[in-house]
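Engineer: Structure file target.cif, mmCIF, C-alpha atoms, is pasted below:
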```cif
data_model
#
loop_
_atom_site.group_PDB
_atom_site.id
_atom_site.type_symbol
_atom_site.label_atom_id
_atom_site.label_comp_id
_atom_site.auth_asym_id
_atom_site.auth_seq_id
_atom_site.Cartn_x
_atom_site.Cartn_y
_atom_site.Cartn_z
ATOM 1 C CA MET C 1 77.323 101.169 119.900
ATOM 2 C CA ALA C 2 79.300 100.441 116.730
ATOM 3 C CA ASN C 3 79.036 96.670 117.276
ATOM 4 C CA LYS C 4 75.238 96.788 117.497
ATOM 5 C CA GLN C 5 75.086 98.796 114.291
ATOM 6 C CA THR C 6 77.424 96.480 112.383
ATOM 7 C CA LYS C 7 75.532 93.339 113.407
ATOM 8 C CA SER C 8 72.162 94.658 112.264
ATOM 9 C CA ASP C 9 73.519 96.483 109.195
ATOM 10 C CA PRO C 10 72.849 94.537 105.972
ATOM 11 C CA ASN C 11 75.833 96.100 104.122
ATOM 12 C CA TYR C 12 78.486 95.221 106.725
ATOM 13 C CA LYS C 13 80.239 91.983 105.800
ATOM 14 C CA VAL C 14 83.612 90.538 106.820
ATOM 15 C CA ILE C 15 85.447 89.341 103.708
ATOM 16 C CA ALA C 16 88.693 87.967 105.129
ATOM 17 C CA GLU C 17 90.252 87.813 108.579
ATOM 18 C CA ASN C 18 93.839 87.221 109.635
ATOM 19 C CA ARG C 19 93.331 85.227 112.844
ATOM 20 C CA ARG C 20 96.987 84.313 113.168
ATOM 21 C CA ALA C 21 98.035 87.980 113.399
ATOM 22 C CA ARG C 22 97.085 88.359 117.063
ATOM 23 C CA TYR C 23 99.002 85.175 117.882
ATOM 24 C CA ASP C 24 102.204 86.142 116.036
ATOM 25 C CA TYR C 25 102.197 89.873 116.811
ATOM 26 C CA ALA C 26 101.551 92.157 119.777
ATOM 27 C CA ILE C 27 99.135 94.639 118.213
ATOM 28 C CA GLU C 28 99.421 98.101 119.721
ATOM 29 C CA ASN C 29 97.051 100.091 117.515
ATOM 30 C CA ASP C 30 94.967 99.722 114.376
ATOM 31 C CA ILE C 31 93.981 101.938 111.451
ATOM 32 C CA GLU C 32 91.138 101.636 108.967
ATOM 33 C CA CYS C 33 92.176 102.195 105.335
ATOM 34 C CA GLY C 34 90.473 102.194 101.990
ATOM 35 C CA ILE C 35 91.699 99.906 99.194
ATOM 36 C CA GLN C 36 92.126 100.782 95.526
ATOM 37 C CA LEU C 37 90.412 97.928 93.657
ATOM 38 C CA TYR C 38 89.351 97.027 90.130
ATOM 39 C CA GLY C 39 85.684 96.240 89.441
ATOM 40 C CA SER C 40 86.342 92.514 88.995
ATOM 41 C CA GLU C 41 88.110 92.479 92.388
ATOM 42 C CA VAL C 42 85.123 94.056 94.143
ATOM 43 C CA LYS C 43 82.751 91.530 92.560
ATOM 44 C CA SER C 44 85.034 88.674 93.611
ATOM 45 C CA LEU C 45 85.212 90.038 97.176
ATOM 46 C CA ARG C 46 81.408 90.197 97.318
ATOM 47 C CA GLN C 47 81.419 86.465 96.547
ATOM 48 C CA GLY C 48 83.916 85.951 99.389
ATOM 49 C CA GLY C 49 87.062 84.943 97.493
ATOM 50 C CA SER C 50 89.897 86.529 99.447
ATOM 51 C CA ASN C 51 92.803 85.734 101.767
ATOM 52 C CA ILE C 52 94.994 88.144 103.743
ATOM 53 C CA ALA C 53 96.741 85.594 105.977
ATOM 54 C CA GLU C 54 100.166 85.777 104.263
ATOM 55 C CA SER C 55 99.981 89.463 103.374
ATOM 56 C CA TYR C 56 101.553 92.559 104.890
ATOM 57 C CA ALA C 57 101.485 96.329 104.380
ATOM 58 C CA SER C 58 104.464 98.490 103.537
ATOM 59 C CA VAL C 59 105.175 102.216 103.185
ATOM 60 C CA GLU C 60 107.108 102.801 99.950
ATOM 61 C CA ASP C 61 107.776 106.154 98.241
ATOM 62 C CA GLY C 62 105.199 107.955 100.352
ATOM 63 C CA GLU C 63 102.440 105.444 99.564
ATOM 64 C CA LEU C 64 100.969 102.555 101.547
ATOM 65 C CA TRP C 65 100.766 99.178 99.765
ATOM 66 C CA LEU C 66 99.104 95.867 100.579
ATOM 67 C CA ILE C 67 101.475 93.153 99.389
ATOM 68 C CA ASN C 68 100.776 89.456 98.720
ATOM 69 C CA SER C 69 97.034 89.520 99.397
ATOM 70 C CA TYR C 70 94.919 87.117 97.375
ATOM 71 C CA VAL C 71 91.691 88.026 95.604
ATOM 72 C CA ALA C 72 90.171 85.137 93.640
ATOM 73 C CA PRO C 73 89.582 85.669 89.914
ATOM 74 C CA TYR C 74 86.066 86.673 88.928
ATOM 75 C CA GLU C 75 84.783 84.135 86.389
ATOM 76 C CA GLN C 76 82.492 86.501 84.462
ATOM 77 C CA ALA C 77 85.375 88.947 83.821
ATOM 78 C CA LYS C 78 87.452 86.669 81.626
ATOM 79 C CA THR C 79 89.020 89.296 79.351
ATOM 80 C CA TRP C 80 89.137 92.244 81.749
ATOM 81 C CA GLY C 81 89.993 90.375 84.943
ATOM 82 C CA HIS C 82 92.692 91.149 87.496
ATOM 83 C CA GLU C 83 95.937 89.664 88.806
ATOM 84 C CA GLU C 84 95.246 87.559 91.885
ATOM 85 C CA ARG C 85 98.261 88.626 93.979
ATOM 86 C CA ARG C 86 98.956 92.151 92.711
ATOM 87 C CA ARG C 87 100.075 94.980 94.984
ATOM 88 C CA ARG C 88 97.070 97.039 96.041
ATOM 89 C CA LYS C 89 97.324 100.660 97.097
ATOM 90 C CA LEU C 90 95.874 101.492 100.523
ATOM 91 C CA LEU C 91 94.267 104.871 101.083
ATOM 92 C CA VAL C 92 95.061 106.815 104.254
ATOM 93 C CA SER C 93 95.481 110.494 105.117
ATOM 94 C CA ARG C 94 98.872 112.198 104.811
ATOM 95 C CA LYS C 95 99.188 112.522 108.575
ATOM 96 C CA GLU C 96 98.488 108.802 109.083
ATOM 97 C CA MET C 97 100.982 108.010 106.293
ATOM 98 C CA ALA C 98 103.682 110.052 108.031
ATOM 99 C CA ASP C 99 102.926 108.347 111.350
ATOM 100 C CA LEU C 100 103.062 104.884 109.738
ATOM 101 C CA TRP C 101 106.366 105.660 108.034
ATOM 102 C CA ASN C 102 107.786 106.889 111.337
ATOM 103 C CA LEU C 103 106.621 103.773 113.203
ATOM 104 C CA THR C 104 107.921 101.287 110.629
ATOM 105 C CA GLN C 105 111.233 102.942 109.694
ATOM 106 C CA ARG C 106 112.336 104.371 113.021
ATOM 107 C CA LYS C 107 110.694 102.187 115.650
ATOM 108 C CA GLY C 108 110.788 98.854 113.798
ATOM 109 C CA MET C 109 107.056 98.150 113.904
ATOM 110 C CA THR C 110 105.235 95.956 111.383
ATOM 111 C CA LEU C 111 101.986 96.676 109.536
ATOM 112 C CA VAL C 112 99.787 93.575 109.631
ATOM 113 C CA PRO C 113 96.377 93.324 107.910
ATOM 114 C CA LEU C 114 93.815 92.183 110.488
ATOM 115 C CA VAL C 115 90.459 92.140 108.717
ATOM 116 C CA MET C 116 89.066 93.061 105.287
ATOM 117 C CA TYR C 117 85.382 93.993 105.211
ATOM 118 C CA PHE C 118 82.644 95.996 103.543
ATOM 119 C CA ASN C 119 81.606 98.883 105.822
ATOM 120 C CA HIS C 120 78.038 100.083 106.442
ATOM 121 C CA ARG C 121 78.099 101.996 103.130
ATOM 122 C CA GLY C 122 79.216 98.896 101.193
ATOM 123 C CA ILE C 123 82.781 100.150 100.618
ATOM 124 C CA ALA C 124 85.717 97.733 100.934
ATOM 125 C CA LYS C 125 87.966 98.610 103.890
ATOM 126 C CA LEU C 126 91.018 97.033 105.500
ATOM 127 C CA LYS C 127 91.938 97.264 109.171
ATOM 128 C CA ILE C 128 95.720 97.307 109.621
ATOM 129 C CA GLY C 129 97.371 96.584 112.948
ATOM 130 C CA ILE C 130 100.532 98.382 114.008
ATOM 131 C CA ALA C 131 102.398 95.542 115.671
ATOM 132 C CA LYS C 132 105.616 94.184 117.091
ATOM 133 C CA GLY C 133 106.595 90.577 116.490
ATOM 134 C CA LYS C 134 106.255 88.220 119.451
ATOM 135 C CA LYS C 135 108.952 85.817 120.506
ATOM 136 C CA ASN C 136 108.090 82.194 121.380
ATOM 137 C CA VAL C 137 108.144 82.992 125.108
ATOM 138 C CA ASP C 138 105.558 85.743 124.600
ATOM 139 C CA LYS C 139 103.361 83.397 122.553
ATOM 140 C CA ARG C 140 103.444 80.775 125.308
ATOM 141 C CA ALA C 141 102.583 83.384 127.936
ATOM 142 C CA THR C 142 99.632 84.608 125.864
ATOM 143 C CA GLU C 143 98.408 81.037 125.387
ATOM 144 C CA ALA C 144 98.708 80.281 129.126
ATOM 145 C CA LYS C 145 96.785 83.459 129.980
ATOM 146 C CA ARG C 146 94.027 82.557 127.488
ATOM 147 C CA ASP C 147 93.786 79.013 128.901
ATOM 148 C CA TRP C 148 93.562 80.346 132.452
ATOM 149 C CA ASN C 149 90.797 82.789 131.487
ATOM 150 C CA ARG C 150 88.843 79.930 129.876
ATOM 151 C CA GLN C 151 89.276 77.740 132.949
ATOM 152 C CA LYS C 152 88.322 80.616 135.244
ATOM 153 C CA SER C 153 85.130 81.309 133.295
ATOM 154 C CA ARG C 154 84.210 77.603 133.414
ATOM 155 C CA LEU C 155 84.707 77.520 137.187
ATOM 156 C CA LEU C 156 82.621 80.644 137.670
ATOM 157 C CA LYS C 157 79.900 79.229 135.443
ATOM 158 C CA GLN C 158 79.784 75.927 137.367
ATOM 159 C CA ASN C 159 79.917 77.455 140.841
ATOM 160 C CA GLY C 160 77.744 80.234 139.916
#
```
Could you write out this structure as C-alpha coordinates?
Structural biologist:
Amino acid sequence: MANKQTKSDPNYKVIAENRRARYDYAIENDIECGIQLYGSEVKSLRQGGSNIAESYASVEDGELWLINSYVAPYEQAKTWGHEERRRRKLLVSRKEMADLWNLTQRKGMTLVPLVMYFNHRGIAKLKIGIAKGKKNVDKRATEAKRDWNRQKSRLLKQNG
(Lines of atoms letter the chains of each structure in order from A and count residues from 1; the text may use other names and numbers.)
(Lines give C-alpha, C1' and ligand atoms only; values in the text may rest on other atoms or scores of the structure.)
Protein backbone atom coordinates (compact mmCIF):
# COMPACT_ATOMS: atom_id res chain seq x y z
CA MET A 1 0.00 0.00 0.00
CA ALA A 2 2.77 2.45 0.91
CA ASN A 3 4.56 1.86 -2.41
CA LYS A 4 1.47 2.72 -4.44
CA GLN A 5 1.02 5.92 -2.46
CA THR A 6 4.65 6.99 -2.82
CA LYS A 7 4.69 6.43 -6.58
CA SER A 8 1.60 8.53 -7.22
CA ASP A 9 2.40 11.15 -4.57
CA PRO A 10 3.80 14.36 -6.12
CA ASN A 11 5.72 15.35 -2.94
CA TYR A 12 7.64 12.07 -2.53
CA LYS A 13 11.08 12.33 -4.10
CA VAL A 14 14.28 10.35 -3.55
CA ILE A 15 17.19 12.76 -3.12
CA ALA A 16 20.15 10.43 -2.63
CA GLU A 17 20.58 6.68 -2.34
CA ASN A 18 23.46 4.62 -0.98
CA ARG A 19 23.38 1.62 -3.32
CA ARG A 20 26.68 0.24 -2.09
CA ALA A 21 25.36 -0.14 1.48
CA ARG A 22 23.47 -3.37 0.78
CA TYR A 23 26.57 -4.82 -0.88
CA ASP A 24 29.00 -3.92 1.93
CA TYR A 25 26.67 -4.51 4.89
CA ALA A 26 24.12 -7.09 6.03
CA ILE A 27 21.21 -4.81 6.93
CA GLU A 28 19.09 -6.20 9.74
CA ASN A 29 16.67 -3.34 10.35
CA ASP A 30 16.04 0.25 9.30
CA ILE A 31 14.75 3.41 10.96
CA GLU A 32 13.33 6.59 9.46
CA CYS A 33 14.75 9.80 10.97
CA GLY A 34 14.26 13.48 10.46
CA ILE A 35 17.23 15.73 9.62
CA GLN A 36 18.00 19.16 11.06
CA LEU A 37 18.76 21.32 8.01
CA TYR A 38 19.33 24.97 7.14
CA GLY A 39 17.08 26.63 4.55
CA SER A 40 19.83 26.73 1.91
CA GLU A 41 20.37 22.98 2.42
CA VAL A 42 16.69 22.20 1.83
CA LYS A 43 16.67 24.29 -1.36
CA SER A 44 19.81 22.53 -2.58
CA LEU A 45 18.27 19.12 -1.82
CA ARG A 46 15.17 20.06 -3.82
CA GLN A 47 17.49 20.65 -6.78
CA GLY A 48 19.01 17.20 -6.19
CA GLY A 49 22.53 18.09 -5.03
CA SER A 50 23.35 15.48 -2.41
CA ASN A 51 25.49 12.40 -1.75
CA ILE A 52 25.34 9.98 1.18
CA ALA A 53 27.58 7.25 -0.24
CA GLU A 54 30.60 7.93 2.04
CA SER A 55 28.59 8.97 5.08
CA TYR A 56 27.67 7.20 8.30
CA ALA A 57 25.61 7.85 11.43
CA SER A 58 26.93 7.90 14.96
CA VAL A 59 25.46 8.18 18.47
CA GLU A 60 27.46 10.76 20.44
CA ASP A 61 26.52 12.33 23.79
CA GLY A 62 22.94 11.11 23.57
CA GLU A 63 22.41 12.55 20.08
CA LEU A 64 22.39 10.95 16.63
CA TRP A 65 24.60 12.59 13.97
CA LEU A 66 24.97 12.15 10.22
CA ILE A 67 28.67 12.51 9.46
CA ASN A 68 30.40 13.21 6.12
CA SER A 69 27.26 13.62 4.01
CA TYR A 70 27.48 16.06 1.13
CA VAL A 71 24.88 18.71 0.32
CA ALA A 72 25.83 20.91 -2.64
CA PRO A 73 26.02 24.67 -2.05
CA TYR A 74 22.95 26.65 -3.04
CA GLU A 75 24.03 29.35 -5.51
CA GLN A 76 21.38 31.93 -4.58
CA ALA A 77 22.41 31.83 -0.89
CA LYS A 78 25.89 33.25 -1.32
CA THR A 79 26.20 35.09 2.00
CA TRP A 80 24.01 32.87 4.18
CA GLY A 81 24.93 29.50 2.70
CA HIS A 82 25.96 26.32 4.50
CA GLU A 83 29.01 24.09 4.90
CA GLU A 84 28.88 21.25 2.39
CA ARG A 85 30.10 18.43 4.66
CA ARG A 86 28.97 19.59 8.11
CA ARG A 87 27.66 17.20 10.76
CA ARG A 88 23.87 17.12 10.65
CA LYS A 89 21.74 16.18 13.63
CA LEU A 90 19.27 13.33 13.07
CA LEU A 91 15.95 13.38 14.88
CA VAL A 92 14.66 10.19 16.51
CA SER A 93 12.68 9.39 19.65
CA ARG A 94 14.44 8.79 22.97
CA LYS A 95 13.55 5.11 22.92
CA GLU A 96 14.99 4.67 19.41
CA MET A 97 18.10 6.61 20.50
CA ALA A 98 18.61 4.26 23.45
CA ASP A 99 18.14 1.23 21.20
CA LEU A 100 20.63 2.60 18.64
CA TRP A 101 23.21 3.33 21.33
CA ASN A 102 22.78 -0.19 22.69
CA LEU A 103 23.16 -1.77 19.24
CA THR A 104 26.25 0.23 18.26
CA GLN A 105 28.14 0.26 21.57
CA ARG A 106 27.35 -3.19 22.92
CA LYS A 107 26.63 -5.33 19.88
CA GLY A 108 29.07 -3.71 17.43
CA MET A 109 26.52 -2.78 14.77
CA THR A 110 26.98 0.06 12.29
CA LEU A 111 24.50 2.78 11.32
CA VAL A 112 24.51 3.19 7.54
CA PRO A 113 22.42 5.80 5.67
CA LEU A 114 20.41 4.01 2.97
CA VAL A 115 18.25 6.65 1.31
CA MET A 116 17.51 10.37 1.74
CA TYR A 117 14.12 11.52 0.48
CA PHE A 118 11.26 13.97 0.83
CA ASN A 119 8.23 12.19 2.33
CA HIS A 120 4.60 12.65 1.26
CA ARG A 121 4.40 15.88 3.30
CA GLY A 122 7.53 17.30 1.62
CA ILE A 123 9.75 16.90 4.70
CA ALA A 124 13.34 15.67 4.30
CA LYS A 125 13.85 12.23 5.88
CA LEU A 126 16.73 9.77 6.06
CA LYS A 127 16.39 6.00 6.28
CA ILE A 128 19.21 4.50 8.35
CA GLY A 129 20.07 0.81 8.24
CA ILE A 130 21.25 -1.03 11.33
CA ALA A 131 23.90 -3.26 9.82
CA LYS A 132 26.83 -5.58 10.29
CA GLY A 133 29.80 -5.42 7.95
CA LYS A 134 30.12 -8.26 5.44
CA LYS A 135 33.33 -10.12 4.82
CA ASN A 136 34.49 -10.86 1.25
CA VAL A 137 33.13 -14.41 1.45
CA ASP A 138 29.67 -13.09 2.34
CA LYS A 139 29.80 -10.60 -0.54
CA ARG A 140 30.66 -13.36 -3.01
CA ALA A 141 27.83 -15.54 -1.68
CA THR A 142 25.36 -12.67 -2.04
CA GLU A 143 26.55 -12.00 -5.59
CA ALA A 144 26.26 -15.70 -6.53
CA LYS A 145 22.73 -15.85 -5.10
CA ARG A 146 21.72 -12.72 -7.04
CA ASP A 147 23.18 -14.14 -10.27
CA TRP A 148 21.35 -17.43 -9.76
CA ASN A 149 18.04 -15.63 -9.16
CA ARG A 150 18.54 -13.64 -12.38
CA GLN A 151 19.35 -16.79 -14.34
CA LYS A 152 16.38 -18.61 -12.81
CA SER A 153 13.99 -15.81 -13.75
CA ARG A 154 15.34 -15.81 -17.32
CA LEU A 155 14.82 -19.57 -17.61
CA LEU A 156 11.29 -19.32 -16.26
CA LYS A 157 10.52 -16.47 -18.64
CA GLN A 158 11.82 -18.41 -21.67
CA ASN A 159 10.17 -21.72 -20.79
CA GLY A 160 7.13 -20.11 -19.59
Engineer: Would you list the contacts of Gly122 (chain C) as a tab-separated table (two decimals) with C-alpha atoms, in the frame of the given file, taking every protein, DNA or RNA residue within 10 Å and counting all atoms listed in the file, but skipping same-chain residues closer than 5 positions in sequence?
Structural biologist:
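And here is the file that came out, around19.tsv:
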```
chain	number	residue	atom	x	y	z
C	10	PRO	CA	72.85	94.54	105.97
C	11	ASN	CA	75.83	96.10	104.12
C	12	TYR	CA	78.49	95.22	106.72
C	13	LYS	CA	80.24	91.98	105.80
C	46	ARG	CA	81.41	90.20	97.32
C	117	TYR	CA	85.38	93.99	105.21
```
Engineer: List every protein, DNA or RNA residue with an atom no more than 7 Å from (98.2, 96.7, 113.2) in the file's coordinates, counting only C-alpha atoms, and format the result as a PyMOL selection string.
Structural biologist: chain C and resi 27-31+111-114+128-131
Engineer: Could you give me the axis-aligned bounding box of region 146-153 of chain C, with 8 Å of padding per side, as centre plus edge lengths in Å to one decimal, as AutoDock Vina command-line options?
Structural biologist:
```
--center_x 89.6 --center_y 80.3 --center_z 131.4 --size_x 24.9 --size_y 21.0 --size_z 23.8
```
Engineer: Evaluate the PyMOL selection byres ((chain C and resi 91) around 12) here and jot the selected residues down as a PyMOL selection string.
Structural biologist: chain C and resi 31-37+57+59+62-66+88-90+92-97+124-128
Engineer: For the PyMOL selection byres ((chain C and resi 75) around 12), applied here, can you spell out every residue it catches as a PyMOL selection string?
Structural biologist: chain C and resi 40-41+43-44+47+49+72-74+76-82
Engineer: In Å, with one decimal, what is the gap from CA of Trp101 (chain C) to CA of Ala26 (chain C)?
Structural biologist: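 Taking CA of Trp101 (chain C) as the start and CA of Ala26 (chain C) as the end point, the length is 18.5 Å.
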